[in-house]
file target.cif (mmCIF, C-alpha atoms and all ligand atoms)
data_coords
#
loop_
_atom_site.label_atom_id
_atom_site.label_comp_id
_atom_site.auth_asym_id
_atom_site.auth_seq_id
_atom_site.Cartn_x
_atom_site.Cartn_y
_atom_site.Cartn_z
CA MET T 288 11.53 -5.61 25.02
CA THR T 289 12.12 -8.05 22.21
CA PHE T 290 15.48 -9.03 20.84
CA ILE T 291 14.52 -8.08 17.28
CA ALA T 292 15.19 -4.45 16.29
CA ASP T 293 12.21 -2.11 16.06
CA ARG T 294 12.95 -1.26 12.43
CA LEU T 295 11.94 -4.79 11.43
CA ASN T 296 8.37 -3.85 12.40
CA LEU T 297 8.39 -1.42 9.47
CA ILE T 298 8.40 -4.23 6.91
CA SER T 299 6.63 -7.51 6.11
CA PRO T 300 7.96 -10.71 4.56
CA SER T 301 7.68 -10.58 0.73
CA PRO T 302 4.08 -11.69 0.01
CA SER T 303 4.95 -13.12 -3.40
CA ILE T 304 7.77 -15.25 -1.96
CA MET T 305 5.39 -16.40 0.83
CA ALA T 306 2.69 -17.35 -1.71
CA MET T 307 5.20 -19.25 -3.81
CA SER T 308 6.62 -21.11 -0.78
CA ARG T 309 3.11 -22.08 0.37
CA ALA T 310 2.30 -23.45 -3.12
CA LYS T 311 5.58 -25.38 -3.18
CA GLU T 312 4.85 -26.88 0.27
CA LEU T 313 1.44 -28.11 -0.87
CA ILE T 314 2.89 -29.56 -4.08
CA ALA T 315 5.63 -31.30 -2.04
CA ALA T 316 2.87 -32.78 0.14
CA GLY T 317 1.40 -34.37 -2.98
CA ILE T 318 -1.46 -31.90 -3.45
CA ASP T 319 -2.32 -31.00 -7.03
CA VAL T 320 -1.83 -27.22 -6.97
CA CYS T 321 -1.55 -25.00 -10.07
CA ASN T 322 1.28 -22.71 -9.01
CA MET T 323 0.53 -19.33 -10.58
CA ALA T 324 2.51 -17.41 -7.93
CA ALA T 325 5.98 -17.81 -9.44
CA GLY T 326 8.06 -14.72 -10.13
CA GLU T 327 10.61 -16.52 -12.28
CA PRO T 328 10.71 -17.97 -15.81
CA ASP T 329 10.03 -21.70 -15.97
CA PHE T 330 12.77 -22.17 -18.60
CA ALA T 331 16.24 -23.55 -17.80
CA THR T 332 19.30 -21.29 -17.98
CA PRO T 333 20.66 -21.74 -21.54
CA PRO T 334 23.51 -24.31 -21.67
CA HIS T 335 26.16 -21.94 -23.05
CA ILE T 336 25.79 -19.82 -19.90
CA ILE T 337 26.18 -22.85 -17.63
CA GLU T 338 29.25 -23.93 -19.61
CA ALA T 339 30.79 -20.47 -19.18
CA ALA T 340 30.30 -20.77 -15.41
CA TYR T 341 31.95 -24.19 -15.39
CA ALA T 342 34.88 -22.94 -17.48
CA ALA T 343 35.30 -19.97 -15.13
CA MET T 344 35.48 -22.28 -12.11
CA LEU T 345 38.07 -24.50 -13.79
CA ALA T 346 40.05 -21.39 -14.69
CA GLY T 347 40.24 -20.44 -11.03
CA GLN T 348 37.61 -17.71 -10.93
CA THR T 349 36.61 -18.91 -7.49
CA ARG T 350 37.99 -16.10 -5.36
CA TYR T 351 36.86 -12.68 -4.15
CA THR T 352 36.39 -10.21 -6.98
CA ALA T 353 36.16 -6.42 -7.02
CA VAL T 354 33.30 -5.56 -4.64
CA ASP T 355 30.82 -4.22 -7.20
CA GLY T 356 31.70 -6.40 -10.17
CA THR T 357 34.58 -7.76 -12.26
CA ALA T 358 36.05 -5.61 -15.03
CA ALA T 359 34.87 -8.20 -17.58
CA LEU T 360 31.26 -8.10 -16.40
CA LYS T 361 31.18 -4.31 -16.12
CA GLN T 362 32.49 -4.10 -19.69
CA ALA T 363 29.78 -6.52 -20.89
CA ILE T 364 27.14 -4.43 -19.08
CA CYS T 365 28.40 -1.20 -20.70
CA GLU T 366 28.17 -2.87 -24.12
CA LYS T 367 24.67 -4.14 -23.36
CA PHE T 368 23.51 -0.66 -22.31
CA GLN T 369 25.05 0.88 -25.45
CA GLN T 370 23.72 -1.68 -27.91
CA GLU T 371 20.27 -2.34 -26.49
CA ASN T 372 19.40 0.96 -24.81
CA ASP T 373 21.59 3.53 -26.53
CA LEU T 374 23.00 4.51 -23.11
CA ALA T 375 26.68 5.38 -22.83
CA TYR T 376 27.89 4.28 -19.39
CA THR T 377 31.54 3.82 -18.44
CA PRO T 378 32.60 0.96 -16.11
CA ASP T 379 32.92 3.36 -13.15
CA GLN T 380 29.19 4.09 -13.58
CA ILE T 381 28.24 0.42 -13.15
CA SER T 382 27.36 -1.45 -9.95
CA VAL T 383 26.84 -5.22 -9.79
CA GLY T 384 25.12 -6.92 -6.86
CA ALA T 385 23.48 -10.19 -5.82
CA GLY T 386 20.35 -9.58 -7.87
CA ALA T 387 18.56 -6.41 -8.88
CA LYS T 388 17.03 -6.55 -5.40
CA GLN T 389 20.37 -5.91 -3.72
CA VAL T 390 21.25 -3.18 -6.22
CA LEU T 391 17.90 -1.45 -5.57
CA TYR T 392 18.39 -1.82 -1.83
CA ASN T 393 21.88 -0.34 -2.03
CA ALA T 394 20.71 2.60 -4.14
CA LEU T 395 17.90 3.51 -1.76
CA ALA T 396 19.94 2.86 1.40
CA CYS T 397 22.70 5.12 0.09
CA SER T 398 20.42 8.03 -0.76
CA VAL T 399 17.29 8.10 1.41
CA ASN T 400 17.45 10.10 4.64
CA ASP T 401 14.79 10.03 7.37
CA GLY T 402 11.58 11.57 6.03
CA ASP T 403 12.66 11.62 2.38
CA GLU T 404 9.83 10.78 0.00
CA VAL T 405 9.98 8.18 -2.75
CA ILE T 406 7.23 8.26 -5.37
CA ILE T 407 6.05 4.77 -6.30
CA PRO T 408 3.28 4.19 -8.86
CA ALA T 409 0.83 1.47 -7.75
CA PRO T 410 0.50 -1.39 -8.42
CA TYR T 411 4.18 -1.83 -7.54
CA TRP T 412 6.69 -4.62 -7.02
CA VAL T 413 6.30 -5.61 -3.38
CA SER T 414 9.83 -4.75 -2.26
CA TYR T 415 10.06 -1.04 -3.15
CA PRO T 416 7.97 0.36 -0.28
CA ASP T 417 9.56 -1.87 2.34
CA ILE T 418 13.10 -1.01 1.21
CA VAL T 419 12.17 2.69 1.43
CA ARG T 420 10.64 2.26 4.91
CA LEU T 421 13.56 0.23 6.21
CA ASN T 422 15.81 3.17 5.32
CA GLY T 423 13.66 5.79 7.05
CA GLY T 424 11.95 7.04 3.89
CA VAL T 425 8.29 7.59 3.14
CA PRO T 426 6.76 5.82 0.13
CA VAL T 427 4.31 8.07 -1.72
CA PHE T 428 1.96 5.96 -3.82
CA LEU T 429 0.36 7.08 -7.07
CA GLU T 430 -2.69 4.92 -7.78
CA THR T 431 -3.51 3.71 -11.25
CA SER T 432 -6.29 1.50 -12.54
CA ALA T 433 -7.06 -0.87 -15.41
CA GLU T 434 -9.06 1.94 -17.09
CA ASN T 435 -5.89 4.02 -17.58
CA GLY T 436 -3.73 0.99 -18.42
CA PHE T 437 -2.18 0.99 -14.91
CA LYS T 438 -0.12 4.05 -15.84
CA ILE T 439 0.41 7.31 -13.95
CA THR T 440 -0.05 10.65 -15.71
CA PRO T 441 2.42 13.57 -15.81
CA LEU T 442 -0.10 15.59 -13.76
CA GLN T 443 -0.24 12.92 -11.04
CA LEU T 444 3.54 13.02 -10.90
CA GLN T 445 3.69 16.79 -10.79
CA ASN T 446 1.17 16.94 -7.94
CA ALA T 447 3.11 14.38 -5.90
CA ILE T 448 6.51 16.11 -5.98
CA THR T 449 7.52 18.03 -2.83
CA SER T 450 10.80 19.48 -1.57
CA ARG T 451 11.33 16.11 0.23
CA THR T 452 10.98 14.00 -2.92
CA LYS T 453 14.17 12.06 -3.54
CA TRP T 454 13.20 9.48 -6.13
CA LEU T 455 10.60 8.51 -8.66
CA VAL T 456 10.59 4.73 -9.08
CA LEU T 457 9.50 3.51 -12.52
CA ASN T 458 9.10 -0.15 -13.38
CA SER T 459 8.29 -0.83 -17.01
CA PRO T 460 7.22 -3.47 -17.96
CA ASN T 461 5.53 -3.50 -14.59
CA ASN T 462 5.27 -6.30 -12.08
CA PRO T 463 2.35 -7.00 -11.52
CA SER T 464 0.35 -5.17 -14.23
CA GLY T 465 2.59 -5.62 -17.29
CA ALA T 466 2.14 -1.93 -18.20
CA ILE T 467 4.84 -0.40 -20.41
CA TYR T 468 5.54 3.33 -20.77
CA SER T 469 6.18 4.54 -24.31
CA SER T 470 9.02 6.88 -25.22
CA GLU T 471 6.53 9.77 -25.43
CA GLU T 472 5.09 9.00 -22.00
CA LEU T 473 8.58 8.85 -20.48
CA ALA T 474 9.50 12.13 -22.18
CA ALA T 475 6.38 13.74 -20.65
CA PHE T 476 7.56 12.64 -17.17
CA GLY T 477 10.97 14.05 -18.06
CA LYS T 478 9.43 17.45 -18.72
CA VAL T 479 7.83 17.44 -15.25
CA LEU T 480 11.08 16.31 -13.59
CA ALA T 481 13.30 18.78 -15.46
CA VAL T 482 12.28 21.59 -13.09
CA HIS T 483 12.78 19.51 -9.91
CA PRO T 484 16.53 18.92 -9.76
CA GLN T 485 16.27 17.26 -6.33
CA VAL T 486 14.36 14.27 -7.79
CA TYR T 487 16.28 11.26 -9.12
CA ILE T 488 14.73 8.57 -11.30
CA LEU T 489 15.15 4.90 -10.52
CA THR T 490 14.06 2.83 -13.49
CA ASP T 491 13.73 -0.90 -12.93
CA ASP T 492 14.00 -2.45 -16.40
CA ILE T 493 14.27 -6.06 -15.31
CA TYR T 494 11.42 -7.22 -17.63
CA GLU T 495 12.74 -5.27 -20.63
CA HIS T 496 12.99 -8.32 -22.90
CA LEU T 497 9.53 -9.60 -22.06
CA ILE T 498 7.33 -7.38 -24.19
CA TYR T 499 4.52 -8.45 -26.49
CA ASP T 500 2.82 -7.45 -29.73
CA GLY T 501 6.18 -6.52 -31.30
CA ALA T 502 6.51 -3.42 -29.10
CA ARG T 503 9.88 -1.63 -28.88
CA TYR T 504 11.41 -1.09 -25.46
CA VAL T 505 12.62 2.35 -24.40
CA SER T 506 14.38 3.03 -21.09
CA PHE T 507 13.85 6.29 -19.16
CA ALA T 508 17.30 7.81 -19.79
CA GLN T 509 17.06 6.90 -23.47
CA ALA T 510 13.86 8.96 -23.74
CA ASN T 511 15.34 11.70 -21.53
CA PRO T 512 19.08 12.10 -22.28
CA ALA T 513 19.13 15.41 -20.39
CA LEU T 514 18.17 13.54 -17.21
CA ALA T 515 20.67 10.69 -17.61
CA ASP T 516 22.86 12.10 -14.82
CA ARG T 517 19.89 11.83 -12.42
CA THR T 518 18.82 8.36 -13.54
CA LEU T 519 19.75 4.97 -12.11
CA THR T 520 19.00 2.29 -14.73
CA VAL T 521 18.54 -1.05 -12.96
CA ASN T 522 18.48 -4.38 -14.73
CA GLY T 523 19.64 -7.96 -14.23
CA VAL T 524 19.91 -11.40 -15.74
CA SER T 525 17.24 -13.09 -13.59
CA LYS T 526 14.22 -12.73 -15.85
CA ALA T 527 15.72 -12.28 -19.33
CA PHE T 528 18.07 -15.27 -19.12
CA ALA T 529 16.17 -17.48 -16.65
CA MET T 530 18.93 -16.96 -14.06
CA THR T 531 17.01 -16.13 -10.88
CA GLY T 532 19.11 -18.47 -8.76
CA TRP T 533 22.45 -17.09 -9.94
CA ARG T 534 21.76 -13.74 -8.25
CA ILE T 535 23.23 -11.11 -10.53
CA GLY T 536 21.68 -7.66 -10.95
CA TYR T 537 23.28 -4.43 -12.05
CA ALA T 538 22.76 -0.72 -12.51
CA GLY T 539 24.21 2.17 -14.47
CA GLY T 540 24.07 5.63 -12.96
CA PRO T 541 25.77 8.71 -11.52
CA LYS T 542 29.32 8.04 -10.29
CA PRO T 543 28.88 9.41 -6.72
CA LEU T 544 25.89 7.12 -6.15
CA ILE T 545 27.68 4.11 -7.69
CA LYS T 546 30.67 4.77 -5.38
CA ALA T 547 28.45 4.98 -2.34
CA MET T 548 26.77 1.71 -3.31
CA GLU T 549 30.18 0.06 -3.58
CA LYS T 550 31.07 1.32 -0.08
CA LEU T 551 27.84 -0.09 1.38
CA GLN T 552 28.25 -3.44 -0.38
CA SER T 553 31.87 -3.67 0.83
CA GLN T 554 30.58 -3.70 4.41
CA THR T 555 27.54 -5.93 3.85
CA SER T 556 27.83 -8.77 1.35
CA GLY T 557 31.04 -8.04 -0.53
CA ASN T 558 31.21 -9.12 -4.14
CA PRO T 559 28.44 -11.14 -5.79
CA SER T 560 29.45 -14.72 -6.65
CA SER T 561 32.49 -14.81 -8.94
CA VAL T 562 31.06 -17.77 -10.84
CA SER T 563 27.69 -16.09 -11.35
CA GLN T 564 29.44 -12.97 -12.61
CA ALA T 565 31.27 -15.03 -15.26
CA ALA T 566 27.95 -16.61 -16.23
CA ALA T 567 26.23 -13.21 -16.43
CA ALA T 568 28.98 -11.85 -18.69
CA ALA T 569 28.53 -14.87 -20.98
CA ALA T 570 24.77 -14.28 -20.98
CA LEU T 571 25.08 -10.62 -21.93
CA LYS T 572 27.71 -11.21 -24.62
CA GLY T 573 26.39 -14.52 -26.00
CA PRO T 574 23.67 -15.54 -28.47
CA LYS T 575 20.15 -14.25 -27.84
CA ASP T 576 18.19 -16.33 -30.34
CA PHE T 577 16.37 -18.19 -27.53
CA PHE T 578 14.66 -14.90 -26.52
CA LYS T 579 12.40 -15.18 -29.55
CA VAL T 580 11.35 -18.73 -28.71
CA TRP T 581 10.66 -17.89 -25.05
CA LEU T 582 8.79 -14.73 -25.97
CA ALA T 583 6.53 -16.59 -28.41
CA GLU T 584 5.75 -19.10 -25.66
CA PHE T 585 5.01 -16.37 -23.08
CA GLU T 586 2.86 -14.48 -25.59
CA ALA T 587 0.79 -17.60 -26.36
CA ARG T 588 0.19 -18.13 -22.63
CA ARG T 589 -0.72 -14.47 -22.16
CA ASN T 590 -3.26 -14.66 -24.97
CA LEU T 591 -4.72 -17.85 -23.53
CA ILE T 592 -5.06 -16.42 -20.02
CA VAL T 593 -6.80 -13.29 -21.26
CA SER T 594 -9.17 -15.31 -23.47
CA LEU T 595 -10.04 -17.65 -20.58
CA LEU T 596 -10.45 -15.03 -17.82
CA ASP T 597 -11.45 -11.67 -19.23
CA GLY T 598 -15.20 -11.15 -18.91
CA LYS T 599 -15.64 -14.68 -17.49
CA ALA T 600 -17.51 -15.24 -14.20
CA GLY T 601 -17.26 -11.56 -13.25
CA LEU T 602 -13.48 -11.31 -13.74
CA GLN T 603 -11.69 -8.55 -15.66
CA CYS T 604 -8.29 -9.22 -17.19
CA SER T 605 -6.85 -6.72 -19.63
CA PRO T 606 -3.91 -8.01 -21.70
CA PRO T 607 -0.57 -7.28 -20.03
CA GLU T 608 1.80 -5.52 -22.45
CA GLY T 609 4.89 -7.12 -20.92
CA ALA T 610 6.36 -9.25 -18.08
CA PHE T 611 4.70 -12.58 -17.29
CA TYR T 612 1.82 -11.66 -15.00
CA ALA T 613 -1.87 -10.89 -15.48
CA TYR T 614 -3.43 -8.55 -12.93
CA VAL T 615 -7.06 -9.64 -12.68
CA SER T 616 -9.87 -7.71 -11.00
CA CYS T 617 -12.07 -9.74 -8.65
CA ALA T 618 -14.19 -6.73 -7.60
CA ALA T 619 -17.43 -8.48 -8.63
CA HIS T 620 -16.88 -11.16 -5.99
CA LEU T 621 -16.38 -9.12 -2.83
CA GLY T 622 -19.21 -9.61 -0.37
CA LYS T 623 -20.03 -13.08 -1.73
CA THR T 624 -19.90 -16.33 0.25
CA THR T 625 -18.05 -19.55 -0.56
CA PRO T 626 -19.83 -22.94 -0.61
CA GLN T 627 -18.16 -23.55 2.81
CA GLY T 628 -19.85 -20.43 4.15
CA LYS T 629 -16.82 -18.10 4.28
CA ARG T 630 -17.35 -14.47 3.28
CA ILE T 631 -15.00 -12.92 0.72
CA ASP T 632 -14.29 -9.48 2.19
CA ASN T 633 -11.10 -8.63 0.28
CA ASP T 634 -8.69 -9.96 -2.33
CA GLY T 635 -6.68 -11.74 0.40
CA ASP T 636 -9.81 -13.80 1.24
CA PHE T 637 -10.36 -14.41 -2.47
CA VAL T 638 -6.82 -15.71 -3.02
CA MET T 639 -7.03 -17.95 0.07
CA TYR T 640 -10.32 -19.35 -1.26
CA LEU T 641 -8.69 -20.08 -4.65
CA LEU T 642 -5.85 -21.93 -2.92
CA ASP T 643 -7.79 -23.77 -0.20
CA GLU T 644 -10.84 -24.83 -2.18
CA HIS T 645 -9.67 -24.88 -5.80
CA ARG T 646 -5.91 -25.45 -5.54
CA VAL T 647 -4.68 -22.45 -7.51
CA ALA T 648 -1.88 -20.32 -6.01
CA THR T 649 -1.97 -16.62 -6.92
CA VAL T 650 -1.02 -13.43 -5.04
CA GLN T 651 -3.49 -10.93 -3.58
CA GLY T 652 -3.61 -7.42 -5.08
CA ALA T 653 -3.26 -5.89 -1.59
CA ALA T 654 0.43 -6.88 -1.74
CA TYR T 655 0.88 -4.64 -4.79
CA GLY T 656 -1.16 -1.69 -3.61
CA VAL T 657 -4.18 -1.91 -5.94
CA SER T 658 -7.22 -3.88 -4.78
CA PRO T 659 -9.39 -5.86 -5.28
CA ALA T 660 -7.30 -7.89 -7.70
CA PHE T 661 -5.00 -10.87 -7.88
CA ARG T 662 -1.79 -11.56 -9.78
CA VAL T 663 -1.61 -14.66 -11.94
CA SER T 664 1.88 -15.56 -13.15
CA PHE T 665 2.06 -17.30 -16.50
CA ALA T 666 5.64 -18.42 -16.02
CA THR T 667 4.35 -21.97 -16.12
CA SER T 668 3.35 -24.45 -18.84
CA ILE T 669 0.46 -23.66 -21.15
CA ASP T 670 -1.41 -26.73 -19.85
CA THR T 671 -1.09 -25.44 -16.30
CA VAL T 672 -2.33 -22.03 -17.46
CA ARG T 673 -5.39 -23.67 -19.03
CA GLU T 674 -6.15 -25.79 -15.95
CA ALA T 675 -5.58 -22.87 -13.55
CA CYS T 676 -7.99 -20.67 -15.51
CA ARG T 677 -10.59 -23.45 -15.52
CA ARG T 678 -10.29 -23.73 -11.73
CA ILE T 679 -10.42 -19.95 -11.21
CA VAL T 680 -13.60 -19.61 -13.28
CA ALA T 681 -15.18 -22.61 -11.50
CA ALA T 682 -14.25 -21.04 -8.15
CA CYS T 683 -15.92 -17.76 -9.12
CA GLU T 684 -19.02 -19.50 -10.38
CA ALA T 685 -19.37 -21.35 -7.07
CA LEU T 686 -19.56 -18.09 -5.07
CA ARG T 687 -22.99 -16.86 -3.93
N1 LIG I 1 12.41 -5.84 -9.85
C1 LIG I 1 11.22 -6.41 -10.15
C2 LIG I 1 10.15 -5.56 -10.72
C3 LIG I 1 11.00 -7.77 -9.91
O1 LIG I 1 9.81 -8.32 -10.21
C4 LIG I 1 12.04 -8.54 -9.34
C5 LIG I 1 11.86 -9.97 -9.03
O2 LIG I 1 10.77 -10.47 -8.90
C6 LIG I 1 13.25 -7.91 -9.07
C7 LIG I 1 13.41 -6.56 -9.32
C8 LIG I 1 14.41 -8.64 -8.43
O3 LIG I 1 15.13 -9.39 -9.33
P1 LIG I 1 16.50 -10.10 -8.93
O4 LIG I 1 16.25 -11.55 -9.07
O5 LIG I 1 17.49 -9.60 -9.94
O6 LIG I 1 16.85 -9.69 -7.56
#

call {"tool": "encode", "arguments": {"input": "target.cif", "output": "structure tokens"}}
result
Amino acid sequence: MTFIADRLNLISPSPSIMAMSRAKELIAAGIDVCNMAAGEPDFATPPHIIEAAYAAMLAGQTRYTAVDGTAALKQAICEKFQQENDLAYTPDQISVGAGAKQVLYNALACSVNDGDEVIIPAPYWVSYPDIVRLNGGVPVFLETSAENGFKITPLQLQNAITSRTKWLVLNSPNNPSGAIYSSEELAAFGKVLAVHPQVYILTDDIYEHLIYDGARYVSFAQANPALADRTLTVNGVSKAFAMTGWRIGYAGGPKPLIKAMEKLQSQTSGNPSSVSQAAAAAALKGPKDFFKVWLAEFEARRNLIVSLLDGKAGLQCSPPEGAFYAYVSCAAHLGKTTPQGKRIDNDGDFVMYLLDEHRVATVQGAAYGVSPAFRVSFATSIDTVREACRRIVAACEALR
């Protein structure tokens, strides 16, 4: 018998956080590593947001707040949803937590019973399946590939739904593939879901502002107003405002679910940081002109990465439509041997080879459910992107 509860065996530590920590350790030890494993913008939180946090502290906003968010922040979130997504939520339909991760956890923990199925398109953000498993649910994966733009089809969805299906999880723009569903594609999913009233839709819109080529963002409930009462729209300030450390995420959705999430949070963490909530409200209500500058920078890096990797040394890298990751196929290199005589049997071996022999930190596709591939984050300077791509190509060319 071990002291640790059996349910912990159902999950693994987040592979992307592990990859990032390993890269940071090597860098701290003085090793020249290109860290392409980061899941956070490399920009600083804009100063007006930091000033709002400071002002809130001086004004005494240093105490417990309402468990699932202050009235001021909930109001700012409702306005954001209305203005940016054409979604009319009232404050009692809003839940705020310590990051979108906590909000997602709460939503699934409050709704998934043993044996309930949760449909998750792959590749997926690493945490969805483990949160489902930890709560007794069964993740049902729908595979996609680069050929179909890493998108599921309405038919795939239809074939996956059973009487035990509780949720469909959508994440657009997607981490790790960058795929974005259009309004028409979302409406086609809506048609399938319309006749399955037991299925709720969890849409994780955290990368909504990071979309390229002038595309317009549409959220699931916006494309499917008739399904809004079965949709939980999750978002947060981490990626859009470079506020990963502040830990504020939020969701808009059906009142009974929002109430249940409040109950759970009241017995787990309590309110998210009062200071971070004030900062998040300032972020949502304040100027957004920096988005354009950041987006132009991310788009330049994306274009560079694709030009340096796609079709080079056996790699395939289609341009991500959004987020700040490229999902690169390394299929041509499986079965090859490194100059040190190690065989590359899977994308985990490939990623270890890149780190150990060529000092580039990436994350293996196995973590995201579609292999053989690796995720390269471009939330790092353009010079680092260039150097990392040079090392990756050199690494591939050295394989035999
Ligand atoms: N959802 C996706 C798709 C993510 O990639 C991440 C972070 O990497 C999160 C949610 C969690 O974000 P937060 O920092 O708000 O917890």

call {"tool": "closest_residue", "arguments": {"input": "target.cif", "among": "T:Phe507, T:Phe476, T:Tyr415, T:Trp454", "to": "ligand LIG 1 (chain I)", "atoms": "only C-alpha atoms and all ligand atoms"}}
result
T:Tyr415

call {"tool": "atom_distance", "arguments": {"input": "target.cif", "atom1": "CA of Pro378 in chain T", "atom2": "CA of Asn400 in chain T"}}
result
27.3 Å

call {"tool": "residues_around", "arguments": {"input": "target.cif", "residues": "Leu457 in chain T", "least_positions_apart": "4", "cutoff": "9 Å", "atoms": "only C-alpha atoms", "output": "list in words"}}
result
Ile406, Ile407, Pro408, Asn461, Ile488, Leu489, Thr490, Asp491, Asp492 and Phe507 of chain T

call {"tool": "write_last_selection", "arguments": {"input": "target.cif", "atoms": "C-alpha atoms", "output": "short mmCIF file (atom, residue, chain, number, x, y, z; two decimals), in the coordinates of the input"}}
result
data_model
loop_
_atom_site.label_atom_id
_atom_site.label_comp_id
_atom_site.auth_asym_id
_atom_site.auth_seq_id
_atom_site.Cartn_x
_atom_site.Cartn_y
_atom_site.Cartn_z
CA ILE T 406 7.23 8.26 -5.37
CA ILE T 407 6.05 4.77 -6.30
CA PRO T 408 3.28 4.19 -8.86
CA ASN T 461 5.53 -3.50 -14.59
CA ILE T 488 14.73 8.57 -11.30
CA LEU T 489 15.15 4.90 -10.52
CA THR T 490 14.06 2.83 -13.49
CA ASP T 491 13.73 -0.90 -12.93
CA ASP T 492 14.00 -2.45 -16.40
CA PHE T 507 13.85 6.29 -19.16
#

call {"tool": "residues_near_ligand", "arguments": {"input": "target.cif", "ligand": "ligand LIG 1 (chain I)", "cutoff": "7 Å", "atoms": "all atoms listed in the file", "output": "compact mmCIF listing (two decimals) with C-alpha atoms, in the frame of the given file"}}
result
# COMPACT_ATOMS: atom_id res chain seq x y z
CA GLY T 326 8.06 -14.72 -10.13
CA GLU T 327 10.61 -16.52 -12.28
CA ALA T 385 23.48 -10.19 -5.82
CA GLY T 386 20.35 -9.58 -7.87
CA ALA T 387 18.56 -6.41 -8.88
CA LYS T 388 17.03 -6.55 -5.40
CA GLN T 389 20.37 -5.91 -3.72
CA TRP T 412 6.69 -4.62 -7.02
CA ASN T 458 9.10 -0.15 -13.38
CA ASN T 461 5.53 -3.50 -14.59
CA ASN T 462 5.27 -6.30 -12.08
CA ASP T 491 13.73 -0.90 -12.93
CA ILE T 493 14.27 -6.06 -15.31
CA GLY T 523 19.64 -7.96 -14.23
CA VAL T 524 19.91 -11.40 -15.74
CA SER T 525 17.24 -13.09 -13.59
CA THR T 531 17.01 -16.13 -10.88
CA ARG T 534 21.76 -13.74 -8.25
CA ILE T 535 23.23 -11.11 -10.53
CA GLY T 536 21.68 -7.66 -10.95

call {"tool": "atom_distance", "arguments": {"input": "target.cif", "atom1": "CA of Ile545 in chain T", "atom2": "CA of Leu374 in chain T"}}
result
16.1 Å

call {"tool": "residues_around", "arguments": {"input": "target.cif", "residues": "Ala547 in chain T", "least_positions_apart": "6", "cutoff": "9 Å", "atoms": "only C-alpha atoms", "output": "ChimeraX atom specification"}}
result
/T:393-394,397-398

call {"tool": "closest_residue", "arguments": {"input": "target.cif", "among": "T:Cys365, T:Ile381, T:Ala567, T:Ala475", "to": "Leu519 in chain T", "atoms": "only C-alpha atoms"}}
result
T:Ile381

call {"tool": "residues_around", "arguments": {"input": "target.cif", "residues": "range 315-320 of chain T", "least_positions_apart": "6", "cutoff": "10 Å", "atoms": "all atoms listed in the file", "output": "NGL selection string"}}
result
:T and (309 or 642-643 or 645-648 or 671 or 675)

call {"tool": "residues_around", "arguments": {"input": "target.cif", "residues": "His483 in chain T", "least_positions_apart": "3", "cutoff": "10 Å", "atoms": "all atoms listed in the file", "output": "list in words"}}
result
Gln445, Ile448, Thr449, Ser450, Thr452, Lys453, Gly477, Lys478, Val479, Leu480, Val486 and Tyr487 of chain T

call {"tool": "write_last_selection", "arguments": {"input": "target.cif", "atoms": "C-alpha atoms", "output": "tab-separated table (two decimals), in the frame of the given file"}}
result
chain	number	residue	atom	x	y	z
T	445	GLN	CA	3.69	16.79	-10.79
T	448	ILE	CA	6.51	16.11	-5.98
T	449	THR	CA	7.52	18.03	-2.83
T	450	SER	CA	10.80	19.48	-1.57
T	452	THR	CA	10.98	14.00	-2.92
T	453	LYS	CA	14.17	12.06	-3.54
T	477	GLY	CA	10.97	14.05	-18.06
T	478	LYS	CA	9.43	17.45	-18.72
T	479	VAL	CA	7.83	17.44	-15.25
T	480	LEU	CA	11.08	16.31	-13.59
T	486	VAL	CA	14.36	14.27	-7.79
T	487	TYR	CA	16.28	11.26	-9.12

call {"tool": "residues_around", "arguments": {"input": "target.cif", "residues": "Ala538 in chain T", "least_positions_apart": "6", "cutoff": "7 Å", "atoms": "only C-alpha atoms", "output": "JSON, numbers by chain"}}
result
{"T": [381, 382, 383, 390, 519, 520, 521, 522]}

call {"tool": "residues_near_point", "arguments": {"input": "target.cif", "point": "(20.9, -20.4, -28.2)", "cutoff": "9 Å", "atoms": "all atoms listed in the file", "output": "PyMOL selection string"}}
result
chain T and resi 333-335+573-578

call {"tool": "write_last_selection", "arguments": {"input": "target.cif", "atoms": "C-alpha atoms", "output": "mmCIF file, in the coordinates of the input"}}
result
data_model
loop_
_atom_site.group_PDB
_atom_site.id
_atom_site.type_symbol
_atom_site.label_atom_id
_atom_site.label_comp_id
_atom_site.auth_asym_id
_atom_site.auth_seq_id
_atom_site.Cartn_x
_atom_site.Cartn_y
_atom_site.Cartn_z
ATOM 1 C CA PRO T 333 20.660 -21.740 -21.540
ATOM 2 C CA PRO T 334 23.510 -24.310 -21.670
ATOM 3 C CA HIS T 335 26.160 -21.940 -23.050
ATOM 4 C CA GLY T 573 26.390 -14.520 -26.000
ATOM 5 C CA PRO T 574 23.670 -15.540 -28.470
ATOM 6 C CA LYS T 575 20.150 -14.250 -27.840
ATOM 7 C CA ASP T 576 18.190 -16.330 -30.340
ATOM 8 C CA PHE T 577 16.370 -18.190 -27.530
ATOM 9 C CA PHE T 578 14.660 -14.900 -26.520
#

call {"tool": "atom_distance", "arguments": {"input": "target.cif", "atom1": "CA of Asp379 in chain T", "atom2": "CA of Pro541 in chain T"}}
result
9.1 Å

call {"tool": "closest_residue", "arguments": {"input": "target.cif", "among": "T:Leu591, T:Gln443, T:Ala610, T:Cys683", "to": "Tyr640 in chain T", "atoms": "all atoms listed in the file"}}
result
T:Cys683

call {"tool": "residues_near_point", "arguments": {"input": "target.cif", "point": "(0.6, -11.1, 0.0)", "cutoff": "12 Å", "atoms": "all atoms listed in the file", "output": "PyMOL selection string"}}
result
chain T and resi 299-309+324+412-414+633-639+648-658+660-662
